[in-house]
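A.B. asks: Starting off with a structure, shown below.
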Amino acid sequence: MKKEIIICLGSSCFSRGNKQTVQIIKTYLKEHNLEDKVYFHGSHCFGNCENGPMLKIDEKIYQSVTPENVIYLLESIFDKN
Ligand code: FES
């Protein structure tokens, strides 16, 4: 089954890092040939700005995601497969 990654592009998360994180995830998926296996898209505010920047992977919410720690998160998810 395809994995789904949803990134919050609401103004709070976007301005606090998700603007860069979008690009980092895109590049990661490309470099690891995961573009066909992952449905990656943006979303409006998750309604939890104070714990942001937010990211959702297969219904699991990740908080305080940064351009620095998102790579570790992606590795932990995709290394398992
Ligand atoms: S802008 Fe991301 S939770 Fe509100």
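A note on labels: chains of the structure tokens are A, B, ... as shown, every chain counts residues from 1, and ligands are counted from 1 in their shown order.
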Please list as a ChimeraX atom specification every residue within 10 Å of Ser11 in chain A, counting only C-alpha atoms and excluding residues in the same chain fewer than 4 positions away.
C.D. replies: /A:15-16,18-19,44-45,49
A.B. asks: Those same residues - N, CA, C and O atoms - I'd like them written as a compact mmCIF listing (two decimals), in the first residue's frame.
C.D. replies:
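Saved to part18.txt:
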# COMPACT_ATOMS: atom_id res chain seq x y z
N SER A 15 5.70 29.02 8.03
CA SER A 15 6.72 30.03 8.28
C SER A 15 7.75 29.57 9.30
O SER A 15 8.85 30.11 9.37
N ARG A 16 7.43 28.54 10.08
CA ARG A 16 8.37 28.07 11.10
C ARG A 16 9.21 26.88 10.62
O ARG A 16 9.86 26.22 11.43
N ASN A 18 8.22 24.48 7.71
CA ASN A 18 7.70 23.55 6.71
C ASN A 18 7.93 24.01 5.27
O ASN A 18 7.92 23.19 4.36
N LYS A 19 8.15 25.30 5.12
CA LYS A 19 8.49 25.80 3.79
C LYS A 19 9.73 25.07 3.27
O LYS A 19 9.76 24.62 2.12
N HIS A 44 -4.13 22.10 4.93
CA HIS A 44 -4.37 23.30 5.72
C HIS A 44 -3.95 23.05 7.16
O HIS A 44 -3.62 21.93 7.52
N CYS A 45 -4.04 24.09 7.97
CA CYS A 45 -3.70 24.02 9.40
C CYS A 45 -4.32 22.79 10.06
O CYS A 45 -5.49 22.50 9.90
N CYS A 49 -1.22 24.40 16.08
CA CYS A 49 -0.05 25.19 15.72
C CYS A 49 1.02 25.23 16.81
O CYS A 49 2.21 25.22 16.53
A.B. asks: Given a cut-off of 6 Å, what residues near ligand 1 show up using only C-alpha atoms and all ligand atoms, put as an MDAnalysis selection string?
C.D. replies: chainID A and resid 8 10:13 45:49 52:54
A.B. asks: Would you give me, as an NGL selection string, the residues in chain A that DSSP reads as alpha helix (DSSP H)?
C.D. replies: :A and (11-13 or 19-31 or 70-78)
A.B. asks: May I have the selected residues written with C-alpha atoms, as a PDB file, in the first residue's frame?
C.D. replies:
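Final file, out_7.pdb:
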ATOM      1  CA  SER A  11       0.802  29.815   7.934  1.00  0.00           C
ATOM      2  CA  SER A  12       2.288  29.015  11.349  1.00  0.00           C
ATOM      3  CA  CYS A  13       3.940  25.711  10.391  1.00  0.00           C
ATOM      4  CA  LYS A  19       8.489  25.799   3.787  1.00  0.00           C
ATOM      5  CA  GLN A  20      11.968  24.242   3.718  1.00  0.00           C
ATOM      6  CA  THR A  21      10.803  20.841   4.950  1.00  0.00           C
ATOM      7  CA  VAL A  22       8.587  20.401   1.864  1.00  0.00           C
ATOM      8  CA  GLN A  23      11.633  20.700  -0.358  1.00  0.00           C
ATOM      9  CA  ILE A  24      13.706  18.383   1.826  1.00  0.00           C
ATOM     10  CA  ILE A  25      11.035  15.662   1.719  1.00  0.00           C
ATOM     11  CA  LYS A  26      10.620  16.052  -2.049  1.00  0.00           C
ATOM     12  CA  THR A  27      14.344  15.651  -2.559  1.00  0.00           C
ATOM     13  CA  TYR A  28      14.514  12.690  -0.182  1.00  0.00           C
ATOM     14  CA  LEU A  29      11.718  10.850  -2.002  1.00  0.00           C
ATOM     15  CA  LYS A  30      13.384  11.488  -5.342  1.00  0.00           C
ATOM     16  CA  GLU A  31      16.844  10.407  -4.229  1.00  0.00           C
ATOM     17  CA  VAL A  70      12.937  15.445   9.292  1.00  0.00           C
ATOM     18  CA  ILE A  71      15.656  13.346   7.641  1.00  0.00           C
ATOM     19  CA  TYR A  72      15.972  11.188  10.786  1.00  0.00           C
ATOM     20  CA  LEU A  73      12.223  10.776  10.797  1.00  0.00           C
ATOM     21  CA  LEU A  74      12.158   9.720   7.140  1.00  0.00           C
ATOM     22  CA  GLU A  75      15.023   7.285   7.690  1.00  0.00           C
ATOM     23  CA  SER A  76      13.241   5.706  10.625  1.00  0.00           C
ATOM     24  CA  ILE A  77      10.116   5.247   8.521  1.00  0.00           C
ATOM     25  CA  PHE A  78      11.628   4.036   5.273  1.00  0.00           C
TER      26      PHE A  78
END
A.B. asks: Just checking: using only C-alpha atoms, which residue out of A:Ile5, A:Val38, A:Ser43, A:Asp79 ends up closest to Tyr62 in chain A?
C.D. replies: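 Comparing A:Ile5, A:Val38, A:Ser43, A:Asp79 against Tyr62 in chain A, the winner is A:Ile5.
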A.B. asks: Quick check, in Å to one decimal: how far apart do CA of Lys3 in chain A and CA of Phe40 in chain A lie?
C.D. replies: 8.3 Å
A.B. asks: So which bits of chain A end up strand (DSSP E) when you DSSP the backbone, as a list in words?
C.D. replies: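 Selecting the strand (DSSP E) positions of chain A gives Lys3, Glu4, Ile5, Ile6, Ile7, Cys8, Val38, Tyr39, Phe40, His41, Gly42, Ser43, Leu55, Lys56, Ile57, Lys60, Ile61 and Tyr62 of chain A.
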A.B. asks: For the residues in that selection, give me all heavy atoms as a short mmCIF file (atom, residue, chain, number, x, y, z; two decimals), in the first residue's frame.
C.D. replies:
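Result saved to again09.cif:
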data_model
loop_
_atom_site.label_atom_id
_atom_site.label_comp_id
_atom_site.auth_asym_id
_atom_site.auth_seq_id
_atom_site.Cartn_x
_atom_site.Cartn_y
_atom_site.Cartn_z
N LYS A 3 2.32 4.73 0.98
CA LYS A 3 2.38 5.54 2.19
C LYS A 3 1.85 6.93 1.87
O LYS A 3 1.94 7.39 0.74
CB LYS A 3 3.82 5.68 2.66
CG LYS A 3 4.32 4.49 3.43
CD LYS A 3 5.42 4.91 4.39
CE LYS A 3 5.82 3.79 5.30
NZ LYS A 3 4.75 3.34 6.20
N GLU A 4 1.34 7.57 2.91
CA GLU A 4 0.86 8.92 2.72
C GLU A 4 1.59 9.87 3.68
O GLU A 4 1.63 9.62 4.89
CB GLU A 4 -0.65 8.99 2.98
CG GLU A 4 -1.22 10.36 2.66
CD GLU A 4 -2.73 10.43 2.91
OE1 GLU A 4 -3.23 9.74 3.80
OE2 GLU A 4 -3.39 11.19 2.18
N ILE A 5 2.16 10.91 3.14
CA ILE A 5 2.79 11.94 3.97
C ILE A 5 2.03 13.24 3.73
O ILE A 5 1.90 13.69 2.59
CB ILE A 5 4.27 12.14 3.63
CG1 ILE A 5 5.06 10.84 3.77
CG2 ILE A 5 4.88 13.23 4.52
CD1 ILE A 5 6.55 10.97 3.45
N ILE A 6 1.54 13.81 4.80
CA ILE A 6 0.83 15.09 4.70
C ILE A 6 1.59 16.13 5.52
O ILE A 6 1.85 15.92 6.71
CB ILE A 6 -0.61 14.98 5.24
CG1 ILE A 6 -1.34 13.80 4.59
CG2 ILE A 6 -1.36 16.27 5.00
CD1 ILE A 6 -2.70 13.52 5.19
N ILE A 7 1.95 17.19 4.88
CA ILE A 7 2.67 18.25 5.57
C ILE A 7 1.73 19.44 5.79
O ILE A 7 0.98 19.81 4.89
CB ILE A 7 3.96 18.65 4.81
CG1 ILE A 7 4.79 19.62 5.64
CG2 ILE A 7 3.66 19.20 3.42
CD1 ILE A 7 6.24 19.72 5.20
N CYS A 8 1.78 20.01 6.99
CA CYS A 8 0.93 21.16 7.27
C CYS A 8 1.51 22.40 6.61
O CYS A 8 2.66 22.75 6.86
CB CYS A 8 0.82 21.38 8.78
SG CYS A 8 -0.21 22.81 9.16
N VAL A 38 4.98 6.82 -2.46
CA VAL A 38 4.50 7.74 -1.43
C VAL A 38 3.60 8.81 -2.04
O VAL A 38 3.95 9.42 -3.04
CB VAL A 38 5.70 8.41 -0.71
CG1 VAL A 38 5.21 9.39 0.34
CG2 VAL A 38 6.62 7.37 -0.09
N TYR A 39 2.46 8.99 -1.41
CA TYR A 39 1.58 10.08 -1.81
C TYR A 39 1.87 11.24 -0.86
O TYR A 39 1.51 11.20 0.32
CB TYR A 39 0.12 9.61 -1.70
CG TYR A 39 -0.90 10.68 -2.00
CD1 TYR A 39 -0.69 11.61 -3.01
CD2 TYR A 39 -2.10 10.74 -1.29
CE1 TYR A 39 -1.64 12.59 -3.29
CE2 TYR A 39 -3.06 11.71 -1.56
CZ TYR A 39 -2.81 12.63 -2.56
OH TYR A 39 -3.75 13.60 -2.82
N PHE A 40 2.59 12.22 -1.36
CA PHE A 40 3.04 13.35 -0.55
C PHE A 40 2.25 14.60 -0.94
O PHE A 40 2.25 14.98 -2.10
CB PHE A 40 4.54 13.55 -0.78
CG PHE A 40 5.12 14.75 -0.06
CD1 PHE A 40 4.82 15.01 1.26
CD2 PHE A 40 6.01 15.60 -0.72
CE1 PHE A 40 5.36 16.10 1.92
CE2 PHE A 40 6.56 16.70 -0.07
CZ PHE A 40 6.23 16.94 1.25
N HIS A 41 1.60 15.19 0.03
CA HIS A 41 0.85 16.40 -0.28
C HIS A 41 0.70 17.30 0.94
O HIS A 41 0.95 16.89 2.07
CB HIS A 41 -0.52 16.05 -0.87
CG HIS A 41 -1.40 15.26 0.04
ND1 HIS A 41 -2.47 15.79 0.69
CD2 HIS A 41 -1.33 13.96 0.44
CE1 HIS A 41 -3.04 14.85 1.43
NE2 HIS A 41 -2.38 13.73 1.30
N GLY A 42 0.29 18.52 0.69
CA GLY A 42 0.13 19.51 1.74
C GLY A 42 -1.30 19.56 2.26
O GLY A 42 -2.21 18.98 1.67
N SER A 43 -1.45 20.23 3.38
CA SER A 43 -2.77 20.37 3.97
C SER A 43 -2.89 21.73 4.65
O SER A 43 -1.90 22.39 4.91
CB SER A 43 -2.97 19.24 4.98
OG SER A 43 -3.76 19.66 6.05
N LEU A 55 3.57 17.27 10.86
CA LEU A 55 3.66 16.37 9.71
C LEU A 55 2.85 15.14 10.07
O LEU A 55 2.80 14.75 11.23
CB LEU A 55 5.14 15.99 9.52
CG LEU A 55 5.57 15.28 8.26
CD1 LEU A 55 5.50 16.23 7.07
CD2 LEU A 55 7.00 14.78 8.40
N LYS A 56 2.22 14.53 9.07
CA LYS A 56 1.46 13.32 9.33
C LYS A 56 1.94 12.25 8.37
O LYS A 56 2.06 12.49 7.17
CB LYS A 56 -0.03 13.60 9.10
CG LYS A 56 -0.97 12.72 9.89
CD LYS A 56 -2.36 12.86 9.34
CE LYS A 56 -3.29 13.61 10.26
NZ LYS A 56 -4.67 13.63 9.74
N ILE A 57 2.25 11.08 8.90
CA ILE A 57 2.64 9.96 8.05
C ILE A 57 1.73 8.79 8.38
O ILE A 57 1.76 8.29 9.51
CB ILE A 57 4.12 9.58 8.24
CG1 ILE A 57 5.03 10.78 7.97
CG2 ILE A 57 4.49 8.41 7.32
CD1 ILE A 57 6.51 10.53 8.19
N LYS A 60 -0.29 8.96 11.53
CA LYS A 60 0.44 9.27 12.76
C LYS A 60 0.96 10.71 12.67
O LYS A 60 1.57 11.08 11.68
CB LYS A 60 1.60 8.28 12.94
CG LYS A 60 2.26 8.36 14.29
CD LYS A 60 3.19 7.15 14.47
CE LYS A 60 3.70 6.97 15.88
NZ LYS A 60 4.43 8.03 16.48
N ILE A 61 0.69 11.46 13.73
CA ILE A 61 1.09 12.87 13.75
C ILE A 61 2.48 13.01 14.35
O ILE A 61 2.79 12.40 15.39
CB ILE A 61 0.10 13.67 14.63
CG1 ILE A 61 -1.31 13.56 14.09
CG2 ILE A 61 0.57 15.10 14.82
CD1 ILE A 61 -1.85 14.78 13.41
N TYR A 62 3.30 13.81 13.72
CA TYR A 62 4.61 14.13 14.26
C TYR A 62 4.65 15.63 14.53
O TYR A 62 4.26 16.43 13.68
CB TYR A 62 5.72 13.74 13.28
CG TYR A 62 5.78 12.26 13.06
CD1 TYR A 62 5.00 11.65 12.07
CD2 TYR A 62 6.57 11.45 13.88
CE1 TYR A 62 5.02 10.28 11.90
CE2 TYR A 62 6.59 10.07 13.71
CZ TYR A 62 5.81 9.50 12.71
OH TYR A 62 5.82 8.14 12.55
#
A.B. asks: Between A:Gly17, A:Lys37, A:Met1, A:His32, which one has atoms that come closest to Gln63 in chain A, using only C-alpha atoms?
C.D. replies: A:Gly17
